[in-house]
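Below is the file final_27.cif, which contains mmCIF, C-alpha atoms and all ligand atoms.
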data_my_file
#
loop_
_atom_site.group_PDB
_atom_site.id
_atom_site.type_symbol
_atom_site.label_atom_id
_atom_site.label_comp_id
_atom_site.auth_asym_id
_atom_site.auth_seq_id
_atom_site.Cartn_x
_atom_site.Cartn_y
_atom_site.Cartn_z
ATOM 1 C CA MET A 1 0.000 0.000 0.000
ATOM 2 C CA SER A 2 1.299 3.500 -0.860
ATOM 3 C CA LEU A 3 2.191 5.916 1.950
ATOM 4 C CA LEU A 4 -0.740 8.306 1.534
ATOM 5 C CA GLU A 5 -3.465 6.157 0.025
ATOM 6 C CA LYS A 6 -7.046 7.409 0.553
ATOM 7 C CA LYS A 7 -5.796 10.712 1.998
ATOM 8 C CA SER A 8 -6.761 14.126 0.720
ATOM 9 C CA GLY A 9 -4.234 16.936 0.918
ATOM 10 C CA LEU A 10 -3.225 20.426 -0.108
ATOM 11 C CA VAL A 11 0.119 22.086 -0.764
ATOM 12 C CA THR A 12 0.606 25.865 -0.809
ATOM 13 C CA GLY A 13 3.060 27.334 -3.310
ATOM 14 C CA SER A 14 2.986 24.153 -5.397
ATOM 15 C CA GLY A 15 3.396 25.845 -8.774
ATOM 16 C CA GLN A 16 7.137 25.210 -8.775
ATOM 17 C CA GLY A 17 10.159 24.197 -6.705
ATOM 18 C CA ILE A 18 9.780 22.389 -3.405
ATOM 19 C CA GLY A 19 5.992 22.858 -3.257
ATOM 20 C CA ARG A 20 5.539 21.271 -6.687
ATOM 21 C CA ALA A 21 7.744 18.318 -5.714
ATOM 22 C CA ILE A 22 5.638 17.815 -2.580
ATOM 23 C CA ALA A 23 2.381 17.853 -4.556
ATOM 24 C CA LEU A 24 3.866 15.296 -6.995
ATOM 25 C CA SER A 25 5.019 13.116 -4.100
ATOM 26 C CA TYR A 26 1.637 13.298 -2.334
ATOM 27 C CA ALA A 27 -0.058 12.152 -5.552
ATOM 28 C CA ARG A 28 2.520 9.447 -6.303
ATOM 29 C CA GLU A 29 1.905 8.092 -2.796
ATOM 30 C CA GLY A 30 -1.816 7.855 -3.473
ATOM 31 C CA ALA A 31 -3.253 11.099 -2.070
ATOM 32 C CA SER A 32 -5.749 13.338 -3.856
ATOM 33 C CA VAL A 33 -4.164 16.785 -3.989
ATOM 34 C CA VAL A 34 -5.300 20.382 -4.140
ATOM 35 C CA VAL A 35 -2.440 22.195 -5.859
ATOM 36 C CA SER A 36 -2.380 25.908 -5.026
ATOM 37 C CA ASP A 37 -0.302 28.930 -5.960
ATOM 38 C CA ILE A 38 -0.612 32.592 -6.884
ATOM 39 C CA ASN A 39 0.731 31.646 -10.301
ATOM 40 C CA ASP A 40 -2.207 29.923 -12.021
ATOM 41 C CA GLU A 41 -0.255 28.789 -15.071
ATOM 42 C CA MET A 42 2.441 27.041 -13.037
ATOM 43 C CA GLY A 43 -0.149 25.553 -10.680
ATOM 44 C CA GLN A 44 -2.123 24.139 -13.614
ATOM 45 C CA GLU A 45 1.128 22.703 -14.954
ATOM 46 C CA THR A 46 1.659 20.845 -11.658
ATOM 47 C CA VAL A 47 -1.879 19.444 -11.912
ATOM 48 C CA GLN A 48 -1.148 18.318 -15.473
ATOM 49 C CA LEU A 49 2.044 16.561 -14.346
ATOM 50 C CA ILE A 50 0.060 14.715 -11.669
ATOM 51 C CA THR A 51 -2.857 13.702 -13.858
ATOM 52 C CA ASP A 52 -0.523 12.652 -16.711
ATOM 53 C CA ALA A 53 1.101 10.272 -14.224
ATOM 54 C CA GLY A 54 -2.332 8.854 -13.283
ATOM 55 C CA GLY A 55 -2.780 10.815 -10.035
ATOM 56 C CA SER A 56 -5.688 12.897 -8.770
ATOM 57 C CA ALA A 57 -5.321 16.697 -8.454
ATOM 58 C CA VAL A 58 -7.218 19.951 -8.880
ATOM 59 C CA PHE A 59 -5.903 23.505 -8.922
ATOM 60 C CA CYS A 60 -7.108 26.250 -6.590
ATOM 61 C CA HIS A 61 -5.687 29.761 -6.879
ATOM 62 C CA CYS A 62 -4.503 30.832 -3.424
ATOM 63 C CA ASP A 63 -2.570 33.830 -2.201
ATOM 64 C CA VAL A 64 -1.472 32.765 1.277
ATOM 65 C CA SER A 65 -1.315 36.385 2.421
ATOM 66 C CA ASP A 66 -5.061 36.804 1.919
ATOM 67 C CA GLU A 67 -7.300 35.264 4.590
ATOM 68 C CA ALA A 68 -10.328 34.838 2.311
ATOM 69 C CA SER A 69 -8.132 33.109 -0.249
ATOM 70 C CA VAL A 70 -6.722 30.703 2.360
ATOM 71 C CA LYS A 71 -10.225 29.886 3.609
ATOM 72 C CA ALA A 72 -11.336 29.256 0.023
ATOM 73 C CA LEU A 73 -8.400 26.873 -0.473
ATOM 74 C CA VAL A 74 -9.377 24.724 2.507
ATOM 75 C CA ASP A 75 -13.037 24.868 1.411
ATOM 76 C CA ALA A 76 -11.963 23.672 -2.050
ATOM 77 C CA ALA A 77 -10.276 20.610 -0.516
ATOM 78 C CA LEU A 78 -13.437 19.831 1.462
ATOM 79 C CA GLN A 79 -15.641 20.379 -1.560
ATOM 80 C CA HIS A 80 -13.565 18.269 -3.975
ATOM 81 C CA TYR A 81 -12.459 15.452 -1.715
ATOM 82 C CA GLY A 82 -14.839 15.592 1.272
ATOM 83 C CA ARG A 83 -12.121 16.032 3.904
ATOM 84 C CA LEU A 84 -8.628 17.356 4.539
ATOM 85 C CA ASP A 85 -6.154 14.831 5.988
ATOM 86 C CA ILE A 86 -2.749 16.304 5.164
ATOM 87 C CA ALA A 87 -1.386 19.745 4.350
ATOM 88 C CA CYS A 88 1.982 21.247 3.593
ATOM 89 C CA ASN A 89 2.660 24.958 3.945
ATOM 90 C CA SER A 90 5.494 25.631 1.507
ATOM 91 C CA ALA A 91 4.693 29.057 0.004
ATOM 92 C CA ALA A 92 7.127 31.676 1.290
ATOM 93 C CA LEU A 93 9.688 34.124 0.064
ATOM 94 C CA SER A 94 12.331 36.430 1.395
ATOM 95 C CA ARG A 95 11.969 40.092 0.497
ATOM 96 C CA GLY A 96 15.666 40.916 0.730
ATOM 97 C CA SER A 97 18.919 40.578 2.584
ATOM 98 C CA GLY A 98 21.510 42.954 4.004
ATOM 99 C CA PRO A 99 22.823 44.480 7.229
ATOM 100 C CA ILE A 100 20.186 45.363 9.808
ATOM 101 C CA HIS A 101 21.229 49.006 10.122
ATOM 102 C CA GLN A 102 20.488 49.516 6.431
ATOM 103 C CA TYR A 103 17.336 47.407 6.343
ATOM 104 C CA ASP A 104 13.884 48.877 5.746
ATOM 105 C CA ARG A 105 11.215 48.149 8.320
ATOM 106 C CA ALA A 106 8.746 47.496 5.480
ATOM 107 C CA VAL A 107 10.986 44.801 3.991
ATOM 108 C CA PHE A 108 11.405 43.162 7.391
ATOM 109 C CA ASP A 109 7.630 43.173 7.912
ATOM 110 C CA GLN A 110 6.977 41.697 4.451
ATOM 111 C CA THR A 111 9.421 38.844 5.014
ATOM 112 C CA LEU A 112 7.856 38.079 8.388
ATOM 113 C CA ASP A 113 4.412 38.115 6.802
ATOM 114 C CA MET A 114 5.422 35.905 3.885
ATOM 115 C CA CYS A 115 7.256 33.313 5.965
ATOM 116 C CA LEU A 116 5.625 33.296 9.386
ATOM 117 C CA THR A 117 2.241 35.033 9.525
ATOM 118 C CA ASN A 118 0.997 33.337 6.362
ATOM 119 C CA THR A 119 2.010 29.918 7.671
ATOM 120 C CA TRP A 120 -0.004 30.621 10.805
ATOM 121 C CA LEU A 121 -2.966 31.727 8.680
ATOM 122 C CA CYS A 122 -2.902 28.519 6.632
ATOM 123 C CA MET A 123 -2.651 26.415 9.778
ATOM 124 C CA LYS A 124 -5.647 28.192 11.301
ATOM 125 C CA TYR A 125 -7.969 26.946 8.528
ATOM 126 C CA GLU A 126 -6.259 23.581 7.989
ATOM 127 C CA ILE A 127 -6.533 22.726 11.699
ATOM 128 C CA ALA A 128 -10.194 23.742 11.792
ATOM 129 C CA ALA A 129 -10.863 21.317 8.929
ATOM 130 C CA MET A 130 -9.001 18.486 10.707
ATOM 131 C CA LEU A 131 -10.442 18.904 14.204
ATOM 132 C CA GLU A 132 -13.088 16.193 13.876
ATOM 133 C CA HIS A 133 -10.944 13.400 12.456
ATOM 134 C CA GLY A 134 -7.284 14.367 12.970
ATOM 135 C CA GLY A 135 -4.623 14.930 10.334
ATOM 136 C CA ALA A 136 -1.021 15.899 9.679
ATOM 137 C CA ILE A 137 0.527 19.243 8.775
ATOM 138 C CA VAL A 138 4.098 19.914 7.668
ATOM 139 C CA ASN A 139 5.470 23.450 7.570
ATOM 140 C CA ILE A 140 8.499 24.195 5.424
ATOM 141 C CA SER A 141 11.126 25.925 7.537
ATOM 142 C CA SER A 142 14.768 26.552 6.586
ATOM 143 C CA ASN A 143 18.196 25.766 7.969
ATOM 144 C CA ALA A 144 18.626 29.560 8.168
ATOM 145 C CA SER A 145 16.477 29.268 11.321
ATOM 146 C CA LEU A 146 18.767 26.898 13.193
ATOM 147 C CA ARG A 147 21.828 28.940 14.160
ATOM 148 C CA GLY A 148 21.079 32.337 12.691
ATOM 149 C CA GLN A 149 22.348 33.650 9.375
ATOM 150 C CA ALA A 150 24.231 36.906 8.911
ATOM 151 C CA PHE A 151 22.636 39.390 6.496
ATOM 152 C CA ASN A 152 19.534 37.208 6.251
ATOM 153 C CA THR A 153 18.096 38.185 9.611
ATOM 154 C CA ALA A 154 14.444 38.727 8.721
ATOM 155 C CA TYR A 155 14.151 35.386 6.901
ATOM 156 C CA ALA A 156 16.111 33.493 9.577
ATOM 157 C CA ALA A 157 14.002 34.984 12.381
ATOM 158 C CA ALA A 158 10.752 34.325 10.507
ATOM 159 C CA LYS A 159 11.674 30.686 9.896
ATOM 160 C CA ALA A 160 12.727 30.305 13.551
ATOM 161 C CA GLY A 161 9.211 31.529 14.278
ATOM 162 C CA VAL A 162 7.858 28.780 12.021
ATOM 163 C CA ASN A 163 9.762 26.221 14.120
ATOM 164 C CA VAL A 164 8.261 27.418 17.410
ATOM 165 C CA LEU A 165 4.836 27.782 15.802
ATOM 166 C CA THR A 166 5.160 24.140 14.743
ATOM 167 C CA GLN A 167 6.195 22.967 18.216
ATOM 168 C CA SER A 168 3.550 25.036 20.024
ATOM 169 C CA SER A 169 0.702 23.993 17.750
ATOM 170 C CA ALA A 170 1.775 20.342 17.963
ATOM 171 C CA ALA A 171 1.437 20.592 21.746
ATOM 172 C CA GLU A 172 -1.924 22.320 21.362
ATOM 173 C CA TYR A 173 -3.562 19.829 18.963
ATOM 174 C CA GLY A 174 -1.937 16.475 19.785
ATOM 175 C CA LYS A 175 -4.994 15.369 21.777
ATOM 176 C CA GLN A 176 -7.200 15.964 18.725
ATOM 177 C CA GLY A 177 -5.000 13.649 16.655
ATOM 178 C CA ILE A 178 -3.414 16.400 14.587
ATOM 179 C CA ARG A 179 0.345 15.951 14.144
ATOM 180 C CA ILE A 180 2.321 19.047 13.168
ATOM 181 C CA ASN A 181 5.967 18.930 12.096
ATOM 182 C CA ALA A 182 8.381 21.030 10.069
ATOM 183 C CA VAL A 183 10.948 20.111 7.456
ATOM 184 C CA SER A 184 13.977 22.365 7.365
ATOM 185 C CA PRO A 185 15.644 22.251 3.942
ATOM 186 C CA GLY A 186 19.319 22.964 3.369
ATOM 187 C CA VAL A 187 20.263 24.438 0.010
ATOM 188 C CA ILE A 188 17.868 23.024 -2.581
ATOM 189 C CA ARG A 189 18.027 23.585 -6.320
ATOM 190 C CA THR A 190 14.735 25.351 -7.126
ATOM 191 C CA PRO A 191 13.757 28.102 -9.582
ATOM 192 C CA GLY A 192 13.708 30.463 -6.571
ATOM 193 C CA LEU A 193 17.381 29.700 -5.885
ATOM 194 C CA GLU A 194 18.491 29.494 -9.502
ATOM 195 C CA LYS A 195 17.427 33.120 -9.890
ATOM 196 C CA TYR A 196 20.286 34.030 -7.509
ATOM 197 C CA PHE A 197 22.729 31.750 -9.388
ATOM 198 C CA ALA A 198 21.984 33.746 -12.539
ATOM 199 C CA GLU A 199 22.856 36.980 -10.711
ATOM 200 C CA GLN A 200 25.970 35.571 -8.941
ATOM 201 C CA PRO A 201 27.693 32.962 -11.144
ATOM 202 C CA ASP A 202 30.162 31.818 -8.412
ATOM 203 C CA MET A 203 27.442 31.200 -5.855
ATOM 204 C CA GLU A 204 26.608 27.591 -6.760
ATOM 205 C CA ALA A 205 30.228 26.393 -6.690
ATOM 206 C CA GLY A 206 30.712 28.131 -3.307
ATOM 207 C CA LEU A 207 27.644 26.460 -1.830
ATOM 208 C CA ARG A 208 28.696 23.039 -3.143
ATOM 209 C CA LYS A 209 32.128 23.450 -1.629
ATOM 210 C CA LYS A 210 30.621 24.191 1.782
ATOM 211 C CA ALA A 211 28.201 21.231 1.601
ATOM 212 C CA ALA A 212 28.973 18.065 3.561
ATOM 213 C CA MET A 213 27.840 15.885 0.642
ATOM 214 C CA ASN A 214 29.431 18.131 -1.985
ATOM 215 C CA ARG A 215 26.141 18.900 -3.700
ATOM 216 C CA LEU A 216 22.885 20.801 -3.432
ATOM 217 C CA GLY A 217 19.647 19.011 -2.603
ATOM 218 C CA GLU A 218 16.822 18.357 -5.026
ATOM 219 C CA PRO A 219 13.181 19.319 -4.331
ATOM 220 C CA ALA A 220 12.154 15.652 -4.513
ATOM 221 C CA GLU A 221 14.425 14.902 -1.540
ATOM 222 C CA ILE A 222 12.468 17.376 0.596
ATOM 223 C CA ALA A 223 9.194 15.936 -0.678
ATOM 224 C CA GLU A 224 10.125 12.409 0.447
ATOM 225 C CA ALA A 225 10.497 13.626 4.035
ATOM 226 C CA VAL A 226 7.235 15.594 3.907
ATOM 227 C CA SER A 227 5.263 12.627 2.585
ATOM 228 C CA PHE A 228 6.719 10.374 5.279
ATOM 229 C CA LEU A 229 5.828 12.860 8.051
ATOM 230 C CA CYS A 230 2.281 13.130 6.657
ATOM 231 C CA SER A 231 1.871 9.363 6.545
ATOM 232 C CA ASP A 232 0.644 6.966 9.229
ATOM 233 C CA ARG A 233 4.187 5.570 9.409
ATOM 234 C CA ALA A 234 5.051 8.756 11.297
ATOM 235 C CA SER A 235 2.107 8.232 13.668
ATOM 236 C CA PHE A 236 4.072 9.065 16.864
ATOM 237 C CA ILE A 237 6.090 11.961 15.447
ATOM 238 C CA THR A 238 4.870 15.472 16.174
ATOM 239 C CA GLY A 239 6.397 18.828 17.067
ATOM 240 C CA GLN A 240 9.683 17.988 15.324
ATOM 241 C CA ILE A 241 11.898 20.050 13.035
ATOM 242 C CA LEU A 242 13.566 17.656 10.600
ATOM 243 C CA SER A 243 16.553 19.003 8.678
ATOM 244 C CA VAL A 244 16.853 17.590 5.187
ATOM 245 C CA ASP A 245 20.136 19.135 4.191
ATOM 246 C CA GLY A 246 22.738 16.552 3.228
ATOM 247 C CA GLY A 247 24.381 17.152 6.611
ATOM 248 C CA GLY A 248 24.569 20.944 6.247
ATOM 249 C CA SER A 249 23.373 21.532 9.810
ATOM 250 C CA VAL A 250 26.024 19.294 11.400
ATOM 251 C CA ARG A 251 28.996 20.302 9.337
HETATM 252 N N1 LIG K 1 15.307 26.457 -2.183
HETATM 253 C C1 LIG K 1 15.968 26.405 -1.044
HETATM 254 O O1 LIG K 1 17.204 26.254 -1.013
HETATM 255 C C2 LIG K 1 15.231 26.522 0.270
HETATM 256 C C3 LIG K 1 15.966 26.367 1.458
HETATM 257 C C4 LIG K 1 15.315 26.443 2.667
HETATM 258 C C5 LIG K 1 13.949 26.658 2.724
HETATM 259 N N2 LIG K 1 13.257 26.830 1.570
HETATM 260 C C6 LIG K 1 11.800 27.050 1.704
HETATM 261 O O2 LIG K 1 11.104 26.141 0.854
HETATM 262 C C7 LIG K 1 9.871 26.721 0.421
HETATM 263 C C8 LIG K 1 9.781 26.693 -1.085
HETATM 264 O O3 LIG K 1 10.917 27.349 -1.612
HETATM 265 P P1 LIG K 1 11.330 27.237 -3.157
HETATM 266 O O4 LIG K 1 12.798 27.443 -3.211
HETATM 267 O O5 LIG K 1 10.723 26.030 -3.762
HETATM 268 O O6 LIG K 1 10.625 28.566 -3.701
HETATM 269 P P2 LIG K 1 10.268 29.014 -5.180
HETATM 270 O O7 LIG K 1 10.434 30.491 -5.183
HETATM 271 O O8 LIG K 1 10.986 28.204 -6.214
HETATM 272 O O9 LIG K 1 8.703 28.670 -5.265
HETATM 273 C C9 LIG K 1 7.796 29.309 -4.414
HETATM 274 C C10 LIG K 1 6.370 29.122 -4.927
HETATM 275 O O10 LIG K 1 5.516 29.828 -4.041
HETATM 276 C C11 LIG K 1 4.608 30.630 -4.806
HETATM 277 N N3 LIG K 1 4.190 31.796 -4.030
HETATM 278 C C12 LIG K 1 4.892 32.932 -3.800
HETATM 279 N N4 LIG K 1 4.144 33.790 -3.080
HETATM 280 C C13 LIG K 1 2.951 33.175 -2.854
HETATM 281 C C14 LIG K 1 1.759 33.559 -2.183
HETATM 282 N N5 LIG K 1 1.631 34.762 -1.609
HETATM 283 N N6 LIG K 1 0.738 32.671 -2.136
HETATM 284 C C15 LIG K 1 0.855 31.456 -2.713
HETATM 285 N N7 LIG K 1 1.947 31.042 -3.380
HETATM 286 C C16 LIG K 1 2.974 31.893 -3.445
HETATM 287 C C17 LIG K 1 5.383 31.004 -6.047
HETATM 288 O O11 LIG K 1 4.534 31.404 -7.123
HETATM 289 C C18 LIG K 1 6.161 29.714 -6.320
HETATM 290 O O12 LIG K 1 5.407 28.813 -7.106
HETATM 291 C C19 LIG K 1 9.848 28.126 1.031
HETATM 292 O O13 LIG K 1 9.155 28.078 2.265
HETATM 293 C C20 LIG K 1 11.331 28.423 1.274
HETATM 294 O O14 LIG K 1 11.510 29.380 2.283
HETATM 295 C C21 LIG K 1 13.851 26.766 0.347
#

Would you mind writing the structure in this file as structure tokens?
Amino acid sequence: MSLLEKKSGLVTGSGQGIGRAIALSYAREGASVVVSDINDEMGQETVQLITDAGGSAVFCHCDVSDEASVKALVDAALQHYGRLDIACNSAALSRGSGPIHQYDRAVFDQTLDMCLTNTWLCMKYEIAAMLEHGGAIVNISSNASLRGQAFNTAYAAAKAGVNVLTQSSAAEYGKQGIRINAVSPGVIRTPGLEKYFAEQPDMEAGLRKKAAMNRLGEPAEIAEAVSFLCSDRASFITGQILSVDGGGSVR
């Protein structure tokens, strides 16, 4: 039996990168998936990839910064598949980097909103939909949250917030059978990251050199961990932050 058979799930930011890989993994493991993104074209492409491979998926436009849009996403899962068993909150972005004394308050606030507040907002509606029968949620954190990261303070602090949000909510909803974990990726080759490689040609070689396994991670390697944590095989795991980073956090 596949890991996620008979489950119904949603993935935010699943139009590309890590979110798309998670949606593909959910479907490959037997779940019915609501793919969501602000980019409709890319989201539809993810759905096409899933259905071409024989999986079940629908697209729902969702901007995770908009409460009505988040509510509509969870409603879409309930409407299409009758229930919500698993969810992964992957949509996030960093609005900039640089020294604190030159940083704009507005940019700091936007990064906090995009990484932390929006994750909380998604959880609010996902948890409400799972209260009667239980479920599993995975938030996508980042290794930037683990020991701090110079010049990336807003993002690192926001993702550290995601970790504590994960732990606190796991403690809050364990008795209702809702498990909540986070996966903390190391450096993963996604379109979001490749944008920076285009701007700084030496960046990829530098990152590889620093990596314990001498390579970057692939989105599918994050997705494997998310699908496991969402599955019944992880039935006694909650409140954990799992680094999937080729050893980056222990190097
Ligand atoms: N790539 C890495 O190396 C890395 C490392 C650590 C953590 N992460 C985390 O993994 C997650 C995915 O990152 P990625 O590299 O795949 O990103 P990405 O930029 O490649 O993809 C992000 C997706 O989110 C969507 N999105 C952006 N704003 C949105 C919004 N308001 N509402 C809904 N969707 C929105 C985008 O359209 C895009 O499809 C993020 O939480 C990121 O912080 C990535």

Mind telling me what the PyMOL selection byres (((not hetatm)) within 6 of (chain K and resi 1)) catches here, as JSON, numbers by chain? {"A": [12, 13, 14, 15, 16, 17, 18, 19, 37, 38, 39, 62, 63, 64, 65, 90, 91, 92, 93, 140, 141, 142, 185, 186, 187, 188, 189, 190, 191, 192, 193]}

Output the selection as a compact mmCIF listing (two decimals), in the frame of the given file - C-alpha atoms for each residue.
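The file below, again_9.txt, is the result:
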# COMPACT_ATOMS: atom_id res chain seq x y z
CA THR A 12 0.61 25.86 -0.81
CA GLY A 13 3.06 27.33 -3.31
CA SER A 14 2.99 24.15 -5.40
CA GLY A 15 3.40 25.84 -8.77
CA GLN A 16 7.14 25.21 -8.78
CA GLY A 17 10.16 24.20 -6.70
CA ILE A 18 9.78 22.39 -3.40
CA GLY A 19 5.99 22.86 -3.26
CA ASP A 37 -0.30 28.93 -5.96
CA ILE A 38 -0.61 32.59 -6.88
CA ASN A 39 0.73 31.65 -10.30
CA CYS A 62 -4.50 30.83 -3.42
CA ASP A 63 -2.57 33.83 -2.20
CA VAL A 64 -1.47 32.76 1.28
CA SER A 65 -1.32 36.38 2.42
CA SER A 90 5.49 25.63 1.51
CA ALA A 91 4.69 29.06 0.00
CA ALA A 92 7.13 31.68 1.29
CA LEU A 93 9.69 34.12 0.06
CA ILE A 140 8.50 24.20 5.42
CA SER A 141 11.13 25.92 7.54
CA SER A 142 14.77 26.55 6.59
CA PRO A 185 15.64 22.25 3.94
CA GLY A 186 19.32 22.96 3.37
CA VAL A 187 20.26 24.44 0.01
CA ILE A 188 17.87 23.02 -2.58
CA ARG A 189 18.03 23.58 -6.32
CA THR A 190 14.74 25.35 -7.13
CA PRO A 191 13.76 28.10 -9.58
CA GLY A 192 13.71 30.46 -6.57
CA LEU A 193 17.38 29.70 -5.88

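Residues of protein, DNA and RNA with at least one atom no farther than 8 Å from (2.1, 5.5, -0.3) are, using only C-alpha atoms, Met1, Ser2, Leu3, Leu4, Glu5, Arg28, Glu29, Gly30, Ala31 and Ser231 of chain A.
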
For Ser8 of chain A, the closest of A:Thr46, A:Ser56, A:Ser169, A:Ser97 counting only C-alpha atoms is A:Ser56

Where is the centre and how long are the edges: axis-aligned box on segment 101-116 of chain A, 3 Å on each side, Å to one decimal, as lines of an AutoDock Vina configuration file:
center_x = 12.8
center_y = 41.4
center_z = 7.0
size_x = 22.8
size_y = 22.2
size_z = 12.2

I'd like the residues picked by the PyMOL selection byres (((chain A and resi 117) around 12) and not hetatm) written out as a ChimeraX atom specification, using the chain letters and numbers from the file. /A:64-67,89,91-92,109-116,118-124,158-159,161-162,165

Hits from the PyMOL selection byres (((chain A and resi 223) around 10) and not hetatm), listed as an MDAnalysis selection string: chainID A and resid 18:26 88 183 218:222 224:229 244

Atom CA of Leu216 of chain A to atom CA of Asp202 of chain A measures 14.1 Å

Could you tell me how far atom CA of Glu194 of chain A sits from atom CA of Leu207 of chain A, in Å to one decimal place? 12.3 Å

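Interatomic distance, atom CA of Asn152 of chain A to atom CA of Gly43 of chain A: 28.5 Å.
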
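Residues near the point (-15.4, 19.1, -4.4), at a distance of 12 Å or less over all atoms listed in the file, make up A:Ser8, A:Ser32, A:Val33, A:Val34, A:Ala57, A:Val58, A:Phe59, A:Cys60, A:Ala72, A:Leu73, A:Val74, A:Asp75, A:Ala76, A:Ala77, A:Leu78, A:Gln79, A:His80, A:Tyr81, A:Gly82, A:Arg83, A:Leu84.
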
With C-alpha atoms kept, could you save the residues just selected as an mmCIF file, in the frame of the given file?
data_model
loop_
_atom_site.group_PDB
_atom_site.id
_atom_site.type_symbol
_atom_site.label_atom_id
_atom_site.label_comp_id
_atom_site.auth_asym_id
_atom_site.auth_seq_id
_atom_site.Cartn_x
_atom_site.Cartn_y
_atom_site.Cartn_z
ATOM 1 C CA SER A 8 -6.761 14.126 0.720
ATOM 2 C CA SER A 32 -5.749 13.338 -3.856
ATOM 3 C CA VAL A 33 -4.164 16.785 -3.989
ATOM 4 C CA VAL A 34 -5.300 20.382 -4.140
ATOM 5 C CA ALA A 57 -5.321 16.697 -8.454
ATOM 6 C CA VAL A 58 -7.218 19.951 -8.880
ATOM 7 C CA PHE A 59 -5.903 23.505 -8.922
ATOM 8 C CA CYS A 60 -7.108 26.250 -6.590
ATOM 9 C CA ALA A 72 -11.336 29.256 0.023
ATOM 10 C CA LEU A 73 -8.400 26.873 -0.473
ATOM 11 C CA VAL A 74 -9.377 24.724 2.507
ATOM 12 C CA ASP A 75 -13.037 24.868 1.411
ATOM 13 C CA ALA A 76 -11.963 23.672 -2.050
ATOM 14 C CA ALA A 77 -10.276 20.610 -0.516
ATOM 15 C CA LEU A 78 -13.437 19.831 1.462
ATOM 16 C CA GLN A 79 -15.641 20.379 -1.560
ATOM 17 C CA HIS A 80 -13.565 18.269 -3.975
ATOM 18 C CA TYR A 81 -12.459 15.452 -1.715
ATOM 19 C CA GLY A 82 -14.839 15.592 1.272
ATOM 20 C CA ARG A 83 -12.121 16.032 3.904
ATOM 21 C CA LEU A 84 -8.628 17.356 4.539
#

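Proximity of A:Lys71, A:Arg233, A:Lys195, A:Lys7 to Ala128 of chain A, computed with only C-alpha atoms, is greatest for A:Lys71.
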
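For the set A:Ala27, A:Ala211, A:Leu10, A:Ala157, the residue with the smallest atom-to-atom gap to Val250 of chain A is A:Ala211, counting all atoms listed in the file.
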
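Comparing A:Asn163, A:Gly248, A:Val35, A:Ala154 by their smallest distance to Asp104 of chain A, the closest is A:Ala154 (using all atoms listed in the file).
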
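Here the question is which of A:Ala136, A:Asn143, A:Gly217, A:Ile241 gets nearest to Tyr155 of chain A using only C-alpha atoms, and that residue is A:Asn143.
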
Grab segment 48-61 of chain A from that structure and dump C-alpha atoms to a file, as a PDB file, in the first residue's frame.
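Final output, out_39.pdb:
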ATOM      1  CA  GLN A  48      -1.148  18.318 -15.473  1.00  0.00           C
ATOM      2  CA  LEU A  49       2.044  16.561 -14.346  1.00  0.00           C
ATOM      3  CA  ILE A  50       0.060  14.715 -11.669  1.00  0.00           C
ATOM      4  CA  THR A  51      -2.857  13.702 -13.858  1.00  0.00           C
ATOM      5  CA  ASP A  52      -0.523  12.652 -16.711  1.00  0.00           C
ATOM      6  CA  ALA A  53       1.101  10.272 -14.224  1.00  0.00           C
ATOM      7  CA  GLY A  54      -2.332   8.854 -13.283  1.00  0.00           C
ATOM      8  CA  GLY A  55      -2.780  10.815 -10.035  1.00  0.00           C
ATOM      9  CA  SER A  56      -5.688  12.897  -8.770  1.00  0.00           C
ATOM     10  CA  ALA A  57      -5.321  16.697  -8.454  1.00  0.00           C
ATOM     11  CA  VAL A  58      -7.218  19.951  -8.880  1.00  0.00           C
ATOM     12  CA  PHE A  59      -5.903  23.505  -8.922  1.00  0.00           C
ATOM     13  CA  CYS A  60      -7.108  26.250  -6.590  1.00  0.00           C
ATOM     14  CA  HIS A  61      -5.687  29.761  -6.879  1.00  0.00           C
TER      15      HIS A  61
END
